[in-house]
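Dumped upload_25.pdb below, it's PDB, C-alpha atoms and all ligand atoms:
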```pdb
ATOM      1  CA  MET A   1     -18.288 -40.935   7.066
ATOM      2  CA  ALA A   2     -15.308 -39.803   9.181
ATOM      3  CA  LYS A   3     -12.028 -39.398   7.290
ATOM      4  CA  VAL A   4      -9.586 -42.230   8.042
ATOM      5  CA  LYS A   5      -6.407 -40.921   9.706
ATOM      6  CA  GLU A   6      -3.530 -41.452   7.263
ATOM      7  CA  ILE A   7      -0.144 -41.744   8.930
ATOM      8  CA  TYR A   8       3.073 -41.335   6.928
ATOM      9  CA  ASN A   9       6.531 -42.320   8.139
ATOM     10  CA  ALA A  10       8.751 -39.302   7.550
ATOM     11  CA  HIS A  11      12.523 -39.899   7.638
ATOM     12  CA  LEU A  12      14.616 -37.078   9.094
ATOM     13  CA  VAL A  13      17.491 -36.478   6.651
ATOM     14  CA  LYS A  14      18.904 -33.048   7.587
ATOM     15  CA  ILE A  15      18.756 -30.436  10.327
ATOM     16  CA  ASP A  16      19.674 -26.750   9.774
ATOM     17  CA  GLU A  17      20.327 -24.473  12.719
ATOM     18  CA  LEU A  18      18.557 -21.186  11.842
ATOM     19  CA  SER A  19      19.101 -19.440  15.201
ATOM     20  CA  SER A  20      19.914 -20.428  18.781
ATOM     21  CA  THR A  21      16.296 -21.582  19.319
ATOM     22  CA  VAL A  22      15.032 -22.452  15.817
ATOM     23  CA  ARG A  23      15.923 -25.379  13.581
ATOM     24  CA  ASN A  24      14.695 -26.428  10.141
ATOM     25  CA  PHE A  25      14.054 -30.181   9.927
ATOM     26  CA  HIS A  26      14.115 -31.848   6.479
ATOM     27  CA  PHE A  27      12.035 -35.020   6.133
ATOM     28  CA  GLU A  28      11.813 -37.421   3.188
ATOM     29  CA  PHE A  29       9.304 -40.179   2.413
ATOM     30  CA  PRO A  30      11.172 -43.251   1.084
ATOM     31  CA  GLU A  31       8.449 -45.753   2.053
ATOM     32  CA  ARG A  32       5.653 -44.347  -0.129
ATOM     33  CA  PRO A  33       5.064 -41.077  -2.008
ATOM     34  CA  ARG A  34       4.418 -38.051   0.153
ATOM     35  CA  PHE A  35       0.849 -36.731   0.483
ATOM     36  CA  ASP A  36      -0.096 -33.801  -1.732
ATOM     37  CA  TYR A  37      -0.796 -30.491   0.006
ATOM     38  CA  ARG A  38      -1.503 -26.806  -0.540
ATOM     39  CA  PRO A  39       1.043 -24.240   0.676
ATOM     40  CA  GLY A  40      -0.044 -23.050   4.131
ATOM     41  CA  GLN A  41      -1.192 -26.449   5.424
ATOM     42  CA  PHE A  42       0.285 -28.315   8.376
ATOM     43  CA  VAL A  43       1.095 -31.846   9.569
ATOM     44  CA  MET A  44       0.258 -33.419  12.908
ATOM     45  CA  VAL A  45       3.373 -35.133  14.255
ATOM     46  CA  GLU A  46       3.338 -37.955  16.779
ATOM     47  CA  VAL A  47       6.010 -38.396  19.419
ATOM     48  CA  PRO A  48       6.120 -40.896  22.280
ATOM     49  CA  LYS A  49       5.265 -39.613  25.764
ATOM     50  CA  GLU A  50       4.949 -41.763  28.886
ATOM     51  CA  GLY A  51       3.849 -44.879  26.985
ATOM     52  CA  LYS A  52       1.353 -42.887  24.928
ATOM     53  CA  THR A  53       1.585 -40.519  21.965
ATOM     54  CA  SER A  54       1.685 -36.728  22.027
ATOM     55  CA  ARG A  55       0.437 -35.016  18.849
ATOM     56  CA  LYS A  56       1.270 -31.448  17.790
ATOM     57  CA  PRO A  57       0.655 -29.450  14.598
ATOM     58  CA  TYR A  58       3.565 -27.984  12.606
ATOM     59  CA  SER A  59       3.197 -25.956   9.422
ATOM     60  CA  ILE A  60       4.922 -27.246   6.318
ATOM     61  CA  ALA A  61       7.670 -24.702   5.632
ATOM     62  CA  SER A  62       8.529 -25.968   2.145
ATOM     63  CA  PRO A  63       6.457 -25.709  -1.066
ATOM     64  CA  PRO A  64       4.709 -28.761  -2.585
ATOM     65  CA  HIS A  65       6.868 -28.704  -5.741
ATOM     66  CA  TRP A  66      10.008 -29.684  -3.765
ATOM     67  CA  PRO A  67       9.753 -33.411  -4.517
ATOM     68  CA  ASN A  68       8.933 -36.063  -1.912
ATOM     69  CA  LYS A  69      10.092 -34.030   1.076
ATOM     70  CA  ILE A  70       8.841 -31.528   3.606
ATOM     71  CA  GLU A  71      10.588 -29.093   5.934
ATOM     72  CA  LEU A  72       9.390 -28.165   9.421
ATOM     73  CA  CYS A  73      10.776 -25.007  11.023
ATOM     74  CA  ILE A  74      10.491 -25.403  14.774
ATOM     75  CA  LYS A  75      11.215 -23.150  17.740
ATOM     76  CA  LYS A  76      12.368 -24.799  20.947
ATOM     77  CA  VAL A  77       9.844 -23.649  23.541
ATOM     78  CA  GLU A  78      11.191 -23.434  27.113
ATOM     79  CA  GLY A  79       9.649 -26.413  28.959
ATOM     80  CA  GLY A  80       7.778 -27.481  25.811
ATOM     81  CA  TYR A  81       7.569 -31.259  25.388
ATOM     82  CA  VAL A  82       7.289 -31.843  21.630
ATOM     83  CA  SER A  83       9.503 -28.958  20.472
ATOM     84  CA  SER A  84      12.236 -30.075  22.919
ATOM     85  CA  TYR A  85      11.844 -33.650  21.641
ATOM     86  CA  PHE A  86      12.631 -32.385  18.130
ATOM     87  CA  PHE A  87      15.833 -30.742  19.372
ATOM     88  CA  GLU A  88      17.098 -34.153  20.615
ATOM     89  CA  LEU A  89      16.544 -35.852  17.230
ATOM     90  CA  LYS A  90      19.336 -37.122  14.990
ATOM     91  CA  GLU A  91      19.299 -37.715  11.245
ATOM     92  CA  GLY A  92      17.742 -41.120  10.470
ATOM     93  CA  TYR A  93      14.884 -40.754  12.974
ATOM     94  CA  VAL A  94      11.522 -41.909  11.587
ATOM     95  CA  MET A  95       8.605 -39.731  12.670
ATOM     96  CA  PRO A  96       4.953 -40.657  12.132
ATOM     97  CA  MET A  97       2.861 -37.735  10.917
ATOM     98  CA  GLU A  98      -0.623 -37.122   9.601
ATOM     99  CA  GLY A  99      -1.186 -34.722   6.749
ATOM    100  CA  PRO A 100      -2.114 -32.562   5.131
ATOM    101  CA  LEU A 101      -4.375 -30.638   7.494
ATOM    102  CA  GLY A 102      -5.638 -27.070   7.810
ATOM    103  CA  VAL A 103      -7.462 -24.405   5.860
ATOM    104  CA  PHE A 104      -4.826 -21.645   5.798
ATOM    105  CA  LYS A 105      -4.412 -21.512   2.008
ATOM    106  CA  LEU A 106      -4.155 -18.864  -0.711
ATOM    107  CA  LYS A 107      -7.634 -17.830  -1.833
ATOM    108  CA  ASP A 108      -8.488 -16.925  -5.424
ATOM    109  CA  PRO A 109      -8.741 -14.345  -6.817
ATOM    110  CA  LEU A 110      -5.408 -13.042  -5.564
ATOM    111  CA  PRO A 111      -5.170  -9.250  -5.176
ATOM    112  CA  PRO A 112      -2.636  -7.033  -7.031
ATOM    113  CA  HIS A 113      -0.514  -6.894  -3.850
ATOM    114  CA  LEU A 114      -0.128  -9.714  -1.316
ATOM    115  CA  LEU A 115       1.255  -8.783   2.103
ATOM    116  CA  PHE A 116       2.741 -11.723   4.014
ATOM    117  CA  VAL A 117       3.234 -10.978   7.706
ATOM    118  CA  ALA A 118       4.818 -13.259  10.312
ATOM    119  CA  THR A 119       6.700 -13.299  13.555
ATOM    120  CA  GLY A 120       9.355 -15.969  14.174
ATOM    121  CA  THR A 121       8.513 -19.464  12.952
ATOM    122  CA  GLY A 122       5.130 -18.106  11.794
ATOM    123  CA  VAL A 123       7.032 -17.526   8.557
ATOM    124  CA  ALA A 124       6.880 -21.310   7.861
ATOM    125  CA  PRO A 125       3.544 -21.514   5.976
ATOM    126  CA  LEU A 126       4.219 -18.166   4.269
ATOM    127  CA  ARG A 127       7.568 -19.434   2.972
ATOM    128  CA  ALA A 128       5.707 -22.329   1.289
ATOM    129  CA  MET A 129       3.218 -19.863  -0.263
ATOM    130  CA  ILE A 130       5.909 -17.433  -1.481
ATOM    131  CA  HIS A 131       8.036 -20.161  -3.132
ATOM    132  CA  THR A 132       4.929 -21.569  -4.829
ATOM    133  CA  LEU A 133       3.795 -18.190  -6.192
ATOM    134  CA  LEU A 134       7.272 -17.313  -7.458
ATOM    135  CA  LYS A 135       7.672 -20.719  -9.112
ATOM    136  CA  ASP A 136       4.272 -20.295 -10.806
ATOM    137  CA  GLY A 137       5.294 -16.865 -12.149
ATOM    138  CA  HIS A 138       2.605 -15.040 -10.146
ATOM    139  CA  PRO A 139       2.460 -11.580 -11.781
ATOM    140  CA  GLY A 140       1.279  -9.586  -8.727
ATOM    141  CA  ASN A 141       3.390  -7.861  -6.114
ATOM    142  CA  MET A 142       4.342  -9.640  -2.902
ATOM    143  CA  THR A 143       5.849  -8.287   0.303
ATOM    144  CA  LEU A 144       7.085 -10.335   3.252
ATOM    145  CA  ILE A 145       7.303  -8.548   6.609
ATOM    146  CA  LEU A 146       9.096 -10.861   9.034
ATOM    147  CA  GLY A 147       9.378  -9.810  12.661
ATOM    148  CA  VAL A 148      11.764 -11.119  15.304
ATOM    149  CA  ARG A 149      12.948  -9.775  18.629
ATOM    150  CA  TYR A 150      16.714  -9.778  18.060
ATOM    151  CA  GLU A 151      18.700  -9.347  14.859
ATOM    152  CA  ASP A 152      20.354 -12.794  15.056
ATOM    153  CA  GLU A 153      16.892 -14.416  15.037
ATOM    154  CA  VAL A 154      15.886 -13.501  11.448
ATOM    155  CA  LEU A 155      14.920 -16.812   9.795
ATOM    156  CA  PHE A 156      15.855 -17.779   6.200
ATOM    157  CA  ASP A 157      17.366 -14.287   5.827
ATOM    158  CA  GLU A 158      19.795 -15.109   2.975
ATOM    159  CA  GLU A 159      17.131 -17.101   1.152
ATOM    160  CA  PHE A 160      14.575 -14.262   1.213
ATOM    161  CA  LYS A 161      17.252 -11.727   0.220
ATOM    162  CA  SER A 162      18.127 -13.902  -2.806
ATOM    163  CA  LEU A 163      14.459 -14.249  -3.780
ATOM    164  CA  ALA A 164      14.004 -10.475  -3.571
ATOM    165  CA  ALA A 165      17.127  -9.935  -5.704
ATOM    166  CA  ALA A 166      15.889 -12.416  -8.326
ATOM    167  CA  HIS A 167      12.230 -11.289  -8.497
ATOM    168  CA  THR A 168      11.332  -7.613  -8.889
ATOM    169  CA  ASN A 169       7.770  -8.301  -7.661
ATOM    170  CA  PHE A 170       8.968  -9.754  -4.318
ATOM    171  CA  GLU A 171       9.916  -7.380  -1.510
ATOM    172  CA  TYR A 172      11.458  -8.563   1.751
ATOM    173  CA  ILE A 173      11.265  -6.469   4.933
ATOM    174  CA  PRO A 174      12.785  -8.050   8.042
ATOM    175  CA  THR A 175      12.060  -6.114  11.229
ATOM    176  CA  VAL A 176      13.563  -6.321  14.700
ATOM    177  CA  SER A 177      11.669  -5.242  17.814
ATOM    178  CA  ARG A 178      14.706  -5.031  20.163
ATOM    179  CA  PRO A 179      17.517  -3.753  17.919
ATOM    180  CA  GLN A 180      21.127  -3.452  19.036
ATOM    181  CA  THR A 181      23.268  -2.750  15.977
ATOM    182  CA  TRP A 182      20.516  -3.491  13.418
ATOM    183  CA  GLN A 183      20.262  -0.948  10.582
ATOM    184  CA  GLY A 184      16.975  -2.153   9.071
ATOM    185  CA  GLU A 185      13.314  -1.753  10.031
ATOM    186  CA  THR A 186      12.420  -1.806  13.706
ATOM    187  CA  GLY A 187       9.217  -2.280  15.644
ATOM    188  CA  TYR A 188       6.209  -4.555  15.446
ATOM    189  CA  VAL A 189       5.105  -6.087  12.164
ATOM    190  CA  GLN A 190       1.708  -4.372  12.065
ATOM    191  CA  ASP A 191       3.307  -0.928  12.560
ATOM    192  CA  VAL A 192       5.896  -1.635   9.855
ATOM    193  CA  LEU A 193       3.093  -2.724   7.528
ATOM    194  CA  LEU A 194       1.181   0.518   8.072
ATOM    195  CA  ARG A 195       4.318   2.653   7.653
ATOM    196  CA  HIS A 196       4.891   1.104   4.217
ATOM    197  CA  TYR A 197       1.294   0.448   3.118
ATOM    198  CA  PRO A 198      -1.234   2.640   4.945
ATOM    199  CA  SER A 199      -3.940   2.025   2.319
ATOM    200  CA  PRO A 200      -5.694  -1.369   1.979
ATOM    201  CA  GLU A 201      -6.531  -0.605  -1.674
ATOM    202  CA  GLY A 202      -5.707  -3.630  -3.867
ATOM    203  CA  ARG A 203      -4.102  -5.482  -0.960
ATOM    204  CA  GLN A 204      -4.723  -8.620   1.078
ATOM    205  CA  ILE A 205      -2.796  -9.895   4.061
ATOM    206  CA  TYR A 206      -1.734 -13.444   4.943
ATOM    207  CA  ALA A 207      -0.481 -13.513   8.531
ATOM    208  CA  CYS A 208       0.797 -16.218  10.877
ATOM    209  CA  GLY A 209       2.029 -16.135  14.448
ATOM    210  CA  LEU A 210       1.108 -16.642  18.080
ATOM    211  CA  VAL A 211      -2.332 -15.560  19.342
ATOM    212  CA  PRO A 212      -1.230 -12.193  20.876
ATOM    213  CA  MET A 213       0.565 -11.155  17.670
ATOM    214  CA  ILE A 214      -2.406 -11.960  15.432
ATOM    215  CA  ASN A 215      -4.814 -10.223  17.827
ATOM    216  CA  SER A 216      -2.662  -7.051  17.876
ATOM    217  CA  LEU A 217      -2.382  -7.138  14.095
ATOM    218  CA  LEU A 218      -6.166  -7.461  13.638
ATOM    219  CA  GLU A 219      -6.831  -4.645  16.094
ATOM    220  CA  THR A 220      -4.244  -2.228  14.652
ATOM    221  CA  LEU A 221      -5.104  -2.897  11.010
ATOM    222  CA  GLY A 222      -8.852  -2.829  11.744
ATOM    223  CA  LYS A 223      -8.498   0.679  13.241
ATOM    224  CA  SER A 224      -6.476   1.739  10.190
ATOM    225  CA  GLY A 225      -9.162   0.780   7.679
ATOM    226  CA  TYR A 226      -8.043  -2.691   6.545
ATOM    227  CA  PRO A 227     -11.345  -4.614   6.191
ATOM    228  CA  ARG A 228     -11.395  -7.851   8.187
ATOM    229  CA  GLU A 229     -12.125  -9.936   5.067
ATOM    230  CA  THR A 230      -8.815  -8.822   3.519
ATOM    231  CA  ILE A 231      -6.849 -10.358   6.421
ATOM    232  CA  HIS A 232      -6.304 -14.127   6.265
ATOM    233  CA  PHE A 233      -4.519 -15.554   9.251
ATOM    234  CA  GLU A 234      -3.484 -18.601  11.259
ATOM    235  CA  LYS A 235      -3.196 -18.232  15.016
ATOM    236  CA  TRP A 236      -0.862 -20.557  16.889
ATOM    237  CA  THR A 237      -1.675 -21.416  20.481
TER     238      THR A 237
HETATM  239  C1  LIG B 301      -1.709 -24.939  13.058
HETATM  240  C2  LIG B 301      -0.453 -24.786  13.876
HETATM  241  C3  LIG B 301       0.771 -24.832  13.235
HETATM  242  C4  LIG B 301       1.951 -24.679  13.981
HETATM  243  N1  LIG B 301       3.140 -24.685  13.322
HETATM  244  C5  LIG B 301       4.282 -24.469  14.014
HETATM  245  C6  LIG B 301       5.543 -24.386  13.327
HETATM  246  O1  LIG B 301       5.628 -24.509  12.099
HETATM  247  N2  LIG B 301       6.664 -24.159  14.078
HETATM  248  C7  LIG B 301       6.602 -24.025  15.446
HETATM  249  O2  LIG B 301       7.668 -23.821  16.072
HETATM  250  N3  LIG B 301       5.417 -24.107  16.124
HETATM  251  C8  LIG B 301       4.271 -24.339  15.444
HETATM  252  N4  LIG B 301       3.085 -24.430  16.117
HETATM  253  C9  LIG B 301       3.099 -24.510  17.600
HETATM  254  C10 LIG B 301       3.315 -25.999  17.986
HETATM  255  O3  LIG B 301       2.210 -26.784  17.565
HETATM  256  C11 LIG B 301       3.452 -26.223  19.498
HETATM  257  O4  LIG B 301       2.388 -25.611  20.164
HETATM  258  C12 LIG B 301       4.768 -25.684  20.050
HETATM  259  O5  LIG B 301       5.880 -26.312  19.400
HETATM  260  C13 LIG B 301       4.865 -25.979  21.574
HETATM  261  O6  LIG B 301       4.688 -27.354  21.772
HETATM  262  P1  LIG B 301       5.443 -28.103  22.968
HETATM  263  O7  LIG B 301       4.873 -29.483  23.065
HETATM  264  O8  LIG B 301       6.914 -27.970  22.796
HETATM  265  O9  LIG B 301       5.030 -27.219  24.221
HETATM  266  P2  LIG B 301       3.968 -27.576  25.375
HETATM  267  O10 LIG B 301       4.549 -28.674  26.199
HETATM  268  O11 LIG B 301       2.625 -27.799  24.752
HETATM  269  O12 LIG B 301       3.900 -26.164  26.107
HETATM  270  C14 LIG B 301       4.752 -25.780  27.152
HETATM  271  C15 LIG B 301       4.479 -24.330  27.532
HETATM  272  O13 LIG B 301       4.949 -23.420  26.538
HETATM  273  C16 LIG B 301       3.923 -22.499  26.119
HETATM  274  N5  LIG B 301       4.113 -22.265  24.679
HETATM  275  C17 LIG B 301       3.639 -23.030  23.675
HETATM  276  N6  LIG B 301       4.078 -22.556  22.473
HETATM  277  C18 LIG B 301       4.847 -21.477  22.746
HETATM  278  C19 LIG B 301       5.605 -20.581  21.929
HETATM  279  N7  LIG B 301       5.678 -20.706  20.586
HETATM  280  N8  LIG B 301       6.302 -19.587  22.551
HETATM  281  C20 LIG B 301       6.279 -19.453  23.902
HETATM  282  N9  LIG B 301       5.579 -20.272  24.721
HETATM  283  C21 LIG B 301       4.871 -21.281  24.154
HETATM  284  C22 LIG B 301       2.616 -23.217  26.435
HETATM  285  O14 LIG B 301       1.570 -22.263  26.656
HETATM  286  C23 LIG B 301       2.984 -23.992  27.701
HETATM  287  O15 LIG B 301       2.858 -23.153  28.842
HETATM  288  C24 LIG B 301       1.892 -24.531  15.393
HETATM  289  C25 LIG B 301       0.633 -24.492  16.025
HETATM  290  C26 LIG B 301      -0.506 -24.596  15.275
HETATM  291  C27 LIG B 301      -1.844 -24.518  15.986
END
```

Let me see whether you can do it: turn the structure in this file into structure tokens.
Amino acid sequence: MAKVKEIYNAHLVKIDELSSTVRNFHFEFPERPRFDYRPGQFVMVEVPKEGKTSRKPYSIASPPHWPNKIELCIKKVEGGYVSSYFFELKEGYVMPMEGPLGVFKLKDPLPPHLLFVATGTGVAPLRAMIHTLLKDGHPGNMTLILGVRYEDEVLFDEEFKSLAAAHTNFEYIPTVSRPQTWQGETGYVQDVLLRHYPSPEGRQIYACGLVPMINSLLETLGKSGYPRETIHFEKWT
């Protein structure tokens, strides 16, 4: 029997500006308890368009243990209908959404070293995974490699720095592909990964980003000996 579509009314309570093109939208569920979900999953939002409804997937950027809320971290795409709609929203807006959806989840058994790799808002599902693992006292090592083009586009920078300072098993490596005054890592995420961790031994990768980024990552890491089954990914179209 087909699963019945369950729609929740999510109330927009707060908007954080993370960069000139990315905002983090906080939603709460005062009408009935929020759906349960696994870190890495997404919601399908519904917005009105020409008398009909336009539906788009957005990864849940917050971990399930943050009570009765979710956060969506959204980039405004030039000419994009739904992402631009989000950037017009004010606090108090009620957005219908279906969730949870998707199979991008942490898979047991976890390896000794988890490598999380994202570009831009692709960090959203990984942020949910990282917060969950740290809260659960995951004993293994974790590294987040977060790539952006310009240095003022690094998302949740202070938050990841604080997590790295508080947890010796969490390492944070932001990287910028078009640096100006940036002193940190530069280049593409897959090259940074190989510079730090050339051997796949004891490691698995969880990666999220647009199709070209994931394809380049798979190709580069495949040539460098990372077996395909150690790379878990979600490609955004
Ligand atoms: C499982 C899943 C989860 C996702 N989670 C997120 C998320 O957490 N945050 C987020 O910001 N996005 C996320 N996306 C992408 C999101 O669903 C939309 O595709 C994106 O917001 C563009 O929708 P739009 O209606 O604004 O653009 P559209 O009106 O559909 O597209 C307009 C044009 O922009 C191009 N385009 C689409 N996306 C991009 C992009 N990112 N960069 C440059 N050009 C683009 C299209 O090819 C098209 O030519 C996710 C996608 C998937 C499949």

Handout entry: Residues in the PyMOL selection byres (((chain A and resi 237) around 8) and not hetatm), expressed as a ChimeraX atom specification
Key = /A:210-211,235-236

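Of the residues listed (A:Ile70, A:Met44, A:Leu134, A:Met142), A:Met44 shows the shortest atom-to-atom separation from A:Tyr58; distances use only C-alpha atoms.
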
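Proximal residues of ligand LIG 301 (chain B) are Phe42, Lys56, Pro57, Tyr58, Ser59, Ile60, Ala61, Leu72, Cys73, Ile74, Lys75, Lys76, Val77, Glu78, Gly79, Gly80, Tyr81, Val82, Ser83, Ser84, Gly102, Thr121, Gly122, Ala124, Leu210, Glu234, Lys235, Trp236 and Thr237 of chain A, by a cut-off of 7 Å on all atoms listed in the file.
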
Exercise for the section: Using all atoms listed in the file, determine which residues lie at most 12 Å from A:His138, disregarding the query and same-chain residues fewer than 3 positions distant; provide the list as a PyMOL selection string. Expected result: chain A and resi 109-114+129-135+141-142+167-170

Fill in the blank from the handout: Here atom CA of A:Tyr93 and atom CA of A:Lys49 stand apart by 16.0 Å
